[in-house]
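Participant: Below is run_33.tsv; it holds TSV, C-alpha atoms and all ligand atoms.
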```
chain	number	residue	atom	x	y	z
A	793	MET	CA	10.31	33.02	-11.60
A	794	ALA	CA	8.10	34.25	-14.44
A	795	LEU	CA	6.61	30.74	-14.67
A	796	LEU	CA	5.91	30.53	-10.96
A	797	LYS	CA	4.32	33.98	-11.12
A	798	ALA	CA	2.23	33.01	-14.11
A	799	HIS	CA	0.70	30.25	-11.97
A	800	GLY	CA	-0.39	32.89	-9.48
A	801	GLY	CA	0.50	31.03	-6.29
A	802	ASP	CA	-0.65	27.58	-7.50
A	803	TRP	CA	1.58	24.53	-7.36
A	804	VAL	CA	3.80	23.89	-10.38
A	805	SER	CA	5.58	20.58	-10.75
A	806	GLY	CA	9.38	20.47	-10.91
A	807	GLN	CA	8.98	18.47	-14.12
A	808	LEU	CA	6.99	21.24	-15.80
A	809	LEU	CA	9.43	23.92	-14.63
A	810	ALA	CA	12.34	21.86	-15.95
A	811	GLU	CA	10.65	21.30	-19.31
A	812	GLN	CA	9.61	24.89	-19.83
A	813	THR	CA	12.97	26.35	-18.83
A	814	ALA	CA	15.04	23.66	-20.54
A	815	MET	CA	16.87	23.03	-17.25
A	816	THR	CA	17.51	19.80	-15.38
A	817	ARG	CA	15.43	19.25	-12.25
A	818	SER	CA	18.47	19.74	-10.09
A	819	ALA	CA	19.22	23.05	-11.88
A	820	VAL	CA	15.62	24.10	-11.13
A	821	TRP	CA	16.18	23.26	-7.49
A	822	LYS	CA	19.37	25.34	-7.42
A	823	GLN	CA	17.55	28.25	-9.07
A	824	ILE	CA	14.81	28.04	-6.44
A	825	GLY	CA	17.54	28.39	-3.80
A	826	VAL	CA	18.88	31.52	-5.51
A	827	LEU	CA	15.40	33.06	-5.64
A	828	ARG	CA	14.81	32.28	-1.97
A	829	GLU	CA	18.06	34.02	-1.13
A	830	GLU	CA	16.77	37.05	-3.02
A	831	GLY	CA	13.72	37.11	-0.77
A	832	TYR	CA	11.10	35.21	-2.77
A	833	GLY	CA	9.02	32.90	-0.60
A	834	ILE	CA	8.74	29.58	-2.43
A	835	GLU	CA	7.21	26.48	-0.88
A	836	ALA	CA	8.40	23.07	-2.07
A	837	LEU	CA	6.59	19.76	-1.58
A	838	THR	CA	7.38	16.31	-2.92
A	839	ARG	CA	4.90	15.27	-5.59
A	840	ARG	CA	3.37	18.75	-5.80
A	841	GLY	CA	6.37	20.84	-6.83
A	842	TYR	CA	6.79	24.53	-6.07
A	843	ARG	CA	4.51	27.37	-5.14
A	844	LEU	CA	5.21	31.09	-4.98
A	845	CYS	CA	3.88	32.48	-1.70
A	846	ASP	CA	5.73	35.74	-1.16
A	847	VAL	CA	7.23	38.35	-3.47
A	848	PRO	CA	9.78	40.80	-2.04
A	849	ASP	CA	9.59	44.54	-2.75
A	850	ARG	CA	12.38	44.63	-5.30
A	851	LEU	CA	12.99	46.62	-8.44
A	852	SER	CA	14.43	43.80	-10.53
A	853	PRO	CA	13.54	43.81	-14.24
A	854	LEU	CA	11.16	40.93	-13.60
A	855	GLU	CA	9.22	42.81	-10.94
A	856	ILE	CA	9.12	46.06	-12.91
A	857	ARG	CA	7.90	44.38	-16.10
A	858	ASP	CA	5.23	42.29	-14.37
A	859	GLY	CA	2.12	44.06	-15.68
A	860	LEU	CA	3.95	47.07	-17.16
A	861	GLY	CA	1.69	48.75	-19.71
A	862	THR	CA	4.22	50.71	-21.79
A	863	ARG	CA	5.36	50.31	-25.39
A	864	VAL	CA	8.95	51.51	-25.02
A	865	LEU	CA	9.88	52.82	-21.57
A	866	GLY	CA	11.21	49.96	-19.49
A	867	GLN	CA	10.71	47.51	-22.38
A	868	ARG	CA	14.36	47.79	-23.47
A	869	GLU	CA	17.28	46.89	-21.27
A	870	ILE	CA	16.76	47.43	-17.55
A	871	ARG	CA	20.20	47.69	-15.95
A	872	TYR	CA	19.57	46.66	-12.36
A	873	ALA	CA	21.98	46.79	-9.43
A	874	LYS	CA	21.59	46.29	-5.71
A	875	THR	CA	23.95	49.18	-5.16
A	876	THR	CA	25.54	51.61	-7.55
A	877	GLU	CA	27.25	54.97	-7.27
A	878	SER	CA	24.70	56.92	-9.28
A	879	THR	CA	22.11	55.61	-11.74
A	880	ASN	CA	22.43	58.86	-13.73
A	881	GLN	CA	26.14	58.23	-14.14
A	882	THR	CA	25.55	54.68	-15.41
A	883	ALA	CA	22.76	55.87	-17.70
A	884	LYS	CA	24.98	58.56	-19.23
A	885	GLU	CA	27.68	55.98	-19.92
A	886	LEU	CA	25.16	53.62	-21.51
A	887	ALA	CA	23.64	56.43	-23.57
A	888	ALA	CA	27.06	57.56	-24.78
A	889	ALA	CA	27.70	53.97	-25.85
A	890	GLY	CA	24.50	53.95	-27.92
A	891	ALA	CA	21.81	52.52	-25.60
A	892	PRO	CA	18.37	53.07	-27.15
A	893	GLU	CA	15.52	55.23	-25.93
A	894	GLY	CA	13.61	53.54	-23.14
A	895	THR	CA	16.68	52.00	-21.48
A	896	LEU	CA	16.34	52.12	-17.72
A	897	VAL	CA	18.94	52.08	-14.95
A	898	VAL	CA	17.62	51.14	-11.53
A	899	ALA	CA	19.30	50.54	-8.19
A	900	GLU	CA	18.05	49.50	-4.77
A	901	GLY	CA	20.51	51.97	-3.23
A	902	GLN	CA	23.13	54.53	-4.34
A	903	THR	CA	26.44	55.41	-2.72
A	904	ARG	CA	26.88	58.74	-4.54
A	905	GLY	CA	23.36	59.69	-5.63
A	906	ARG	CA	23.52	63.19	-7.08
A	907	GLY	CA	21.04	66.04	-6.97
A	908	ARG	CA	21.10	69.36	-8.75
A	909	LEU	CA	23.87	71.83	-7.94
A	910	ASP	CA	26.12	68.92	-6.98
A	911	ARG	CA	24.09	68.08	-3.90
A	912	ARG	CA	23.92	64.53	-2.60
A	913	TRP	CA	20.71	62.53	-2.93
A	914	PHE	CA	19.96	60.45	0.15
A	915	SER	CA	19.56	56.93	-1.25
A	916	PRO	CA	19.19	54.28	1.48
A	917	PRO	CA	18.82	50.69	0.21
A	918	ALA	CA	15.25	49.68	-0.64
A	919	GLY	CA	13.94	53.01	0.67
A	920	GLY	CA	13.14	54.76	-2.55
A	921	LEU	CA	13.11	54.77	-6.30
A	922	TYR	CA	16.50	55.66	-7.75
A	923	VAL	CA	16.06	55.41	-11.45
A	924	SER	CA	17.42	56.95	-14.64
A	925	LEU	CA	15.76	56.75	-18.01
A	926	ILE	CA	17.40	57.32	-21.39
A	927	LEU	CA	15.42	59.33	-23.94
A	928	ARG	CA	16.43	60.40	-27.43
A	929	PRO	CA	13.94	63.13	-28.30
A	930	ALA	CA	13.87	64.69	-31.74
A	931	PHE	CA	13.50	68.17	-30.17
A	932	PRO	CA	15.93	70.98	-30.90
A	933	PRO	CA	18.30	71.43	-27.91
A	934	ALA	CA	16.53	74.63	-26.85
A	935	GLU	CA	13.37	72.61	-26.15
A	936	ALA	CA	14.97	69.78	-24.20
A	937	HIS	CA	14.33	71.54	-20.86
A	938	ARG	CA	10.63	70.72	-21.36
A	939	LEU	CA	11.37	67.17	-20.35
A	940	VAL	CA	11.96	68.26	-16.75
A	941	LEU	CA	8.44	69.68	-16.67
A	942	VAL	CA	7.00	66.66	-18.49
A	943	ALA	CA	8.65	64.35	-15.97
A	944	ALA	CA	7.38	66.42	-13.05
A	945	VAL	CA	3.76	66.18	-14.27
A	946	ALA	CA	4.07	62.46	-15.01
A	947	VAL	CA	5.60	61.54	-11.66
A	948	ALA	CA	3.29	63.79	-9.62
A	949	GLU	CA	0.18	62.33	-11.25
A	950	ALA	CA	1.37	58.73	-10.93
A	951	LEU	CA	2.34	59.26	-7.29
A	952	ASN	CA	-1.05	60.76	-6.57
A	953	GLY	CA	-2.78	57.86	-8.36
A	954	VAL	CA	-0.97	55.16	-6.37
A	955	THR	CA	-0.84	56.78	-2.93
A	956	GLY	CA	-3.70	59.31	-2.92
A	957	LEU	CA	-1.21	61.93	-1.75
A	958	LYS	CA	-1.75	65.50	-2.82
A	959	VAL	CA	1.49	66.15	-4.66
A	960	GLY	CA	2.60	69.57	-5.83
A	961	VAL	CA	5.41	70.75	-8.07
A	962	LYS	CA	7.95	73.27	-6.84
A	963	TRP	CA	9.35	74.69	-10.04
A	964	PRO	CA	11.18	73.34	-11.84
A	965	ASN	CA	11.89	69.85	-10.63
A	966	ASP	CA	10.92	69.24	-7.01
A	967	LEU	CA	7.84	67.30	-5.99
A	968	MET	CA	6.33	68.29	-2.69
A	969	ALA	CA	3.94	66.62	-0.26
A	970	GLY	CA	2.89	68.09	3.06
A	971	GLY	CA	5.13	71.11	2.36
A	972	ARG	CA	8.26	68.96	2.12
A	973	LYS	CA	10.27	67.51	-0.71
A	974	ILE	CA	9.29	63.96	-1.61
A	975	ALA	CA	11.08	63.63	-4.96
A	976	GLY	CA	13.59	65.36	-7.20
A	977	ILE	CA	14.40	65.09	-10.88
A	978	LEU	CA	17.88	65.51	-12.32
A	979	THR	CA	17.93	65.85	-16.09
A	980	GLU	CA	21.25	65.62	-17.92
A	981	ALA	CA	21.60	65.96	-21.67
A	982	ALA	CA	24.19	65.61	-24.37
A	983	VAL	CA	23.58	67.91	-27.30
A	984	GLN	CA	25.21	68.52	-30.64
A	985	MET	CA	24.98	71.71	-32.68
A	986	ASP	CA	21.32	71.41	-33.57
A	987	ALA	CA	20.17	68.08	-32.15
A	988	VAL	CA	19.80	66.35	-28.82
A	989	ASP	CA	21.91	63.22	-28.63
A	990	TYR	CA	20.33	61.91	-25.44
A	991	VAL	CA	18.58	63.05	-22.29
A	992	VAL	CA	18.87	61.16	-19.02
A	993	ILE	CA	15.98	61.73	-16.65
A	994	GLY	CA	17.01	60.78	-13.13
A	995	LEU	CA	14.33	60.41	-10.52
A	996	GLY	CA	14.84	60.11	-6.80
A	997	LEU	CA	11.59	59.41	-4.97
A	998	ASN	CA	11.43	58.81	-1.22
A	999	VAL	CA	9.06	55.90	-0.81
A	1000	ASN	CA	9.38	53.66	2.22
A	1001	ILE	CA	11.81	55.75	4.26
A	1002	PRO	CA	10.71	56.32	7.87
A	1003	GLU	CA	10.97	59.97	8.86
A	1004	GLU	CA	13.55	59.25	11.55
A	1005	GLN	CA	15.86	57.66	8.96
A	1006	PHE	CA	16.48	60.97	7.17
A	1007	PRO	CA	19.73	62.62	8.30
A	1008	ASP	CA	19.21	65.53	10.73
A	1009	GLU	CA	20.01	68.16	8.13
A	1010	LEU	CA	17.38	66.82	5.71
A	1011	ARG	CA	14.60	65.92	8.14
A	1012	PRO	CA	12.89	69.32	8.35
A	1013	ALA	CA	12.61	69.62	4.58
A	1014	ALA	CA	12.29	66.03	3.33
A	1015	THR	CA	9.51	63.49	3.43
A	1016	SER	CA	8.50	60.12	2.00
A	1017	VAL	CA	5.34	58.26	1.04
A	1018	LEU	CA	5.62	56.26	4.26
A	1019	ALA	CA	6.06	59.39	6.38
A	1020	GLN	CA	3.08	61.10	4.74
A	1021	THR	CA	0.60	58.21	4.60
A	1022	GLY	CA	1.81	55.88	7.36
A	1023	ARG	CA	1.80	53.05	4.80
A	1024	ALA	CA	4.55	51.37	2.81
A	1025	VAL	CA	3.82	50.91	-0.90
A	1026	SER	CA	5.19	48.56	-3.50
A	1027	ARG	CA	8.04	50.35	-5.22
A	1028	ALA	CA	7.68	48.14	-8.31
A	1029	LEU	CA	4.02	49.14	-8.66
A	1030	LEU	CA	4.93	52.79	-8.28
A	1031	MET	CA	7.70	52.37	-10.85
A	1032	ARG	CA	5.26	50.86	-13.38
A	1033	ARG	CA	2.68	53.61	-12.94
A	1034	ILE	CA	5.41	56.26	-13.30
A	1035	LEU	CA	6.75	54.71	-16.51
A	1036	GLU	CA	3.23	54.50	-17.96
A	1037	SER	CA	2.45	58.09	-17.02
A	1038	LEU	CA	5.81	59.27	-18.34
A	1039	GLU	CA	5.34	57.51	-21.65
A	1040	ALA	CA	1.91	59.08	-22.14
A	1041	CYS	CA	3.18	62.57	-21.22
A	1042	TYR	CA	6.27	62.19	-23.41
A	1043	GLU	CA	4.15	61.19	-26.39
A	1044	ALA	CA	1.83	64.16	-25.82
A	1045	CYS	CA	4.86	66.45	-25.69
A	1046	ARG	CA	6.39	65.00	-28.85
A	1047	GLU	CA	3.15	65.62	-30.71
A	1048	GLY	CA	2.14	69.01	-29.35
A	1049	GLY	CA	5.05	70.44	-27.37
A	1050	PHE	CA	4.50	71.54	-23.79
A	1051	ALA	CA	1.09	73.10	-24.54
A	1052	PRO	CA	-1.04	69.93	-24.06
A	1053	LEU	CA	0.49	69.40	-20.61
A	1054	ARG	CA	0.60	72.99	-19.42
A	1055	ALA	CA	-2.84	73.05	-17.78
A	1056	ARG	CA	-2.10	69.85	-15.82
A	1057	TRP	CA	1.27	71.20	-14.82
A	1058	MET	CA	-0.20	74.53	-13.71
A	1059	ALA	CA	-2.74	72.64	-11.58
A	1060	LEU	CA	0.17	71.12	-9.66
A	1061	MET	CA	1.87	74.47	-9.04
A	1062	ASP	CA	1.15	76.74	-6.14
A	1063	MET	CA	3.82	79.30	-6.75
A	1064	ALA	CA	2.14	82.09	-8.69
A	1065	GLY	CA	2.23	85.23	-6.53
A	1066	ALA	CA	4.87	83.84	-4.17
A	1067	ARG	CA	7.95	85.86	-3.26
A	1068	VAL	CA	11.00	83.84	-4.10
A	1069	SER	CA	14.70	83.99	-4.54
A	1070	ILE	CA	16.13	82.13	-7.54
A	1071	ARG	CA	19.74	81.05	-7.66
A	1072	THR	CA	21.08	80.48	-11.17
A	1073	MET	CA	24.47	80.27	-12.87
A	1074	ALA	CA	24.07	83.98	-13.66
A	1075	GLY	CA	23.47	84.96	-10.01
A	1076	SER	CA	20.63	85.25	-7.53
A	1077	PHE	CA	17.40	87.13	-8.17
A	1078	THR	CA	14.59	88.01	-5.78
A	1079	GLY	CA	11.05	89.00	-6.65
A	1080	GLU	CA	7.51	87.83	-7.19
A	1081	VAL	CA	6.50	84.92	-9.40
A	1082	VAL	CA	4.16	86.49	-11.91
A	1083	ASP	CA	3.47	83.54	-14.20
A	1084	PHE	CA	4.80	80.54	-16.08
A	1085	ASP	CA	4.81	81.01	-19.83
A	1086	GLN	CA	3.86	78.61	-22.63
A	1087	ASP	CA	7.24	76.86	-22.38
A	1088	GLY	CA	7.21	76.50	-18.60
A	1089	PHE	CA	9.65	79.38	-18.06
A	1090	LEU	CA	9.18	81.14	-14.74
A	1091	ILE	CA	8.52	84.88	-14.99
A	1092	LEU	CA	9.90	86.78	-12.02
A	1093	ARG	CA	9.14	90.45	-11.40
A	1094	ASP	CA	12.13	91.83	-9.56
A	1095	GLU	CA	12.21	94.70	-7.03
A	1096	ALA	CA	12.65	97.24	-9.82
A	1097	GLY	CA	9.53	95.95	-11.60
A	1098	THR	CA	11.47	94.24	-14.41
A	1099	ASP	CA	10.18	90.85	-15.61
A	1100	ARG	CA	12.81	88.17	-16.11
A	1101	ARG	CA	12.36	84.67	-17.62
A	1102	PHE	CA	14.06	81.64	-16.13
A	1103	TYR	CA	14.09	78.12	-17.54
A	1104	SER	CA	15.86	76.67	-14.52
A	1105	GLY	CA	17.20	77.64	-11.11
A	1106	ASP	CA	17.16	76.84	-7.44
A	1107	VAL	CA	14.12	78.44	-5.83
A	1108	THR	CA	13.78	79.45	-2.20
A	1109	LEU	CA	10.28	80.44	-1.19
A	1110	LEU	CA	10.32	83.58	0.89
A	1111	LYS	CA	6.53	83.84	1.20
A	1112	GLY	CA	3.80	81.52	-0.05
A	1113	VAL	CA	4.49	77.83	0.54
A	1114	PRO	CA	3.60	75.13	-1.99
A	1115	ARG	CA	1.71	71.97	-1.08
B	1201	LIG	C1	17.31	67.08	-7.11
B	1201	LIG	O1	16.26	67.27	-6.51
B	1201	LIG	O2	18.28	67.82	-6.91
B	1201	LIG	C2	17.39	65.95	-8.08
B	1201	LIG	C3	17.62	64.63	-7.39
B	1201	LIG	C4	17.76	63.46	-8.35
B	1201	LIG	C5	18.19	62.20	-7.67
B	1201	LIG	C6	18.14	61.03	-8.60
B	1201	LIG	S1	18.27	59.48	-7.77
B	1201	LIG	C7	18.44	58.66	-9.29
B	1201	LIG	C8	19.31	59.51	-10.17
B	1201	LIG	N1	20.71	59.21	-9.95
B	1201	LIG	C9	21.36	60.23	-9.39
B	1201	LIG	O3	22.56	60.22	-9.06
B	1201	LIG	N2	20.52	61.26	-9.21
B	1201	LIG	C10	19.19	60.97	-9.69
```
Hey, can you dump this file as structure tokens for me?
Facilitator:
Amino acid sequence: MALLKAHGGDWVSGQLLAEQTAMTRSAVWKQIGVLREEGYGIEALTRRGYRLCDVPDRLSPLEIRDGLGTRVLGQREIRYAKTTESTNQTAKELAAAGAPEGTLVVAEGQTRGRGRLDRRWFSPPAGGLYVSLILRPAFPPAEAHRLVLVAAVAVAEALNGVTGLKVGVKWPNDLMAGGRKIAGILTEAAVQMDAVDYVVIGLGLNVNIPEEQFPDELRPAATSVLAQTGRAVSRALLMRRILESLEACYEACREGGFAPLRARWMALMDMAGARVSIRTMAGSFTGEVVDFDQDGFLILRDEAGTDRRFYSGDVTLLKGVPR
């Protein structure tokens, strides 16, 4: 496939394909059949050979890496499945078994996609990006939460770059478009006493899902690129731009902490001044969002006028709606 792609839609002889792949001509023919079954449009003509005329919107390693401008992210193993239970689950297993930073787990669909607080993530086949990335940051465990914010900036900016959509961040990990949730990030980490073993960043992004396909209970609050723009986009292209953006943001964070990204992150937030309720493991708190500090912690002024810092939580906006 890489060879056919490299010829950019021109004819390539069966002989050349056989030579360059060290296969027999009949093995090449069989392989062409497999690719056609996977949705690639390949013309075949006697004496001319083969020609690639249509590429399906798939997230196979080949499609993701075609023009990917990263050094590490996505350049290691890409574990690809048509369907899997949860890419985060697979990524955690791979990470625990020693998979290196930059390893990616991608699926066309998930049967048990997970969100925060044990919610389900709607993951219809070929509708979105369901991807989990393994990182091994040298941060102390107390700083690992920054990666949620780093990922939110990276994905929001990449999504805006590809689709033109005005994307906002609803602290800490929801991406919003048109006042509805378009993506969510689930970060899971394994830490030792004073070091992070691994962090899995799981991204669910609704791409080519028609509005009517969302289940009734999600429809009022969820959206997709297709629903917002009326256009389907290439998920592989979006995936590449996200990986590139994420790598650049991750590098900036490794060098200078959250500070170099804070201004960009703040520009994506519309929550300062909003009245919210935050649900955390320690209980629920209601008040006004006063600020976000240098580390991305949310400062909430409660009814009694006390300021509290939160690094994570489930936010319900009571007044003041983000983009
Ligand atoms: C949230 O908003 O609650 C986070 C949603 C994260 C969903 C993604 S889809 C890919 C990865 N695998 C999972 O099981 N969950 C994350």
Participant: Determine, counting all atoms listed in the file, every residue of protein, DNA or RNA that lies within 10 Å of (23.7, 57.1, -10.4) in the file coordinates, then give the result as a PDB file with C-alpha atoms, in the frame of the given file.
Facilitator:
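Saved the output as selection-v1.pdb:
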```pdb
ATOM      1  CA  THR A 875      23.950  49.180  -5.160  1.00  0.00           C
ATOM      2  CA  THR A 876      25.540  51.610  -7.550  1.00  0.00           C
ATOM      3  CA  GLU A 877      27.250  54.970  -7.270  1.00  0.00           C
ATOM      4  CA  SER A 878      24.700  56.920  -9.280  1.00  0.00           C
ATOM      5  CA  THR A 879      22.110  55.610 -11.740  1.00  0.00           C
ATOM      6  CA  ASN A 880      22.430  58.860 -13.730  1.00  0.00           C
ATOM      7  CA  GLN A 881      26.140  58.230 -14.140  1.00  0.00           C
ATOM      8  CA  THR A 882      25.550  54.680 -15.410  1.00  0.00           C
ATOM      9  CA  ALA A 883      22.760  55.870 -17.700  1.00  0.00           C
ATOM     10  CA  LYS A 884      24.980  58.560 -19.230  1.00  0.00           C
ATOM     11  CA  VAL A 897      18.940  52.080 -14.950  1.00  0.00           C
ATOM     12  CA  VAL A 898      17.620  51.140 -11.530  1.00  0.00           C
ATOM     13  CA  ALA A 899      19.300  50.540  -8.190  1.00  0.00           C
ATOM     14  CA  GLY A 901      20.510  51.970  -3.230  1.00  0.00           C
ATOM     15  CA  GLN A 902      23.130  54.530  -4.340  1.00  0.00           C
ATOM     16  CA  THR A 903      26.440  55.410  -2.720  1.00  0.00           C
ATOM     17  CA  ARG A 904      26.880  58.740  -4.540  1.00  0.00           C
ATOM     18  CA  GLY A 905      23.360  59.690  -5.630  1.00  0.00           C
ATOM     19  CA  ARG A 906      23.520  63.190  -7.080  1.00  0.00           C
ATOM     20  CA  GLY A 907      21.040  66.040  -6.970  1.00  0.00           C
ATOM     21  CA  TRP A 913      20.710  62.530  -2.930  1.00  0.00           C
ATOM     22  CA  TYR A 922      16.500  55.660  -7.750  1.00  0.00           C
ATOM     23  CA  VAL A 923      16.060  55.410 -11.450  1.00  0.00           C
ATOM     24  CA  SER A 924      17.420  56.950 -14.640  1.00  0.00           C
ATOM     25  CA  GLY A 994      17.010  60.780 -13.130  1.00  0.00           C
ATOM     26  CA  LEU A 995      14.330  60.410 -10.520  1.00  0.00           C
TER      27      LEU A 995
END
```
Participant: Closest to Ser1016 (chain A) among A:Arg1093, A:Arg972, A:His799, A:Arg1056, using all atoms listed in the file?
Facilitator: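 Result for the nearest residue to Ser1016 (chain A): A:Arg972.
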Participant: Tell me which of A:Leu827, A:Val864, A:Leu1018, A:Met815 sits closest to Ser852 (chain A), counting all atoms listed in the file.
Facilitator: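 Result for the nearest residue to Ser852 (chain A): A:Leu827.
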Participant: When you draw a straight line from CA of Leu1038 (chain A) to CA of Leu921 (chain A), how long is it in Å?
Facilitator: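 Atom-to-atom, CA of Leu1038 (chain A) and CA of Leu921 (chain A) are spaced 14.8 Å apart.
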Participant: Starting from the point (21.1, 71.6, -18.0), work out which residues of protein, DNA or RNA have an atom no more than 9 Å away when counting all atoms listed in the file; state them as a PyMOL selection string.
Facilitator: chain A and resi 936-937+978-981+1104
Participant: Nearest to Leu927 (chain A) among A:Leu1060, A:Val991, A:Val999, A:Ile856, with distances taken over only C-alpha atoms: which residue is it?
Facilitator: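 Among the listed residues, the smallest separation from Leu927 (chain A) belongs to A:Val991.
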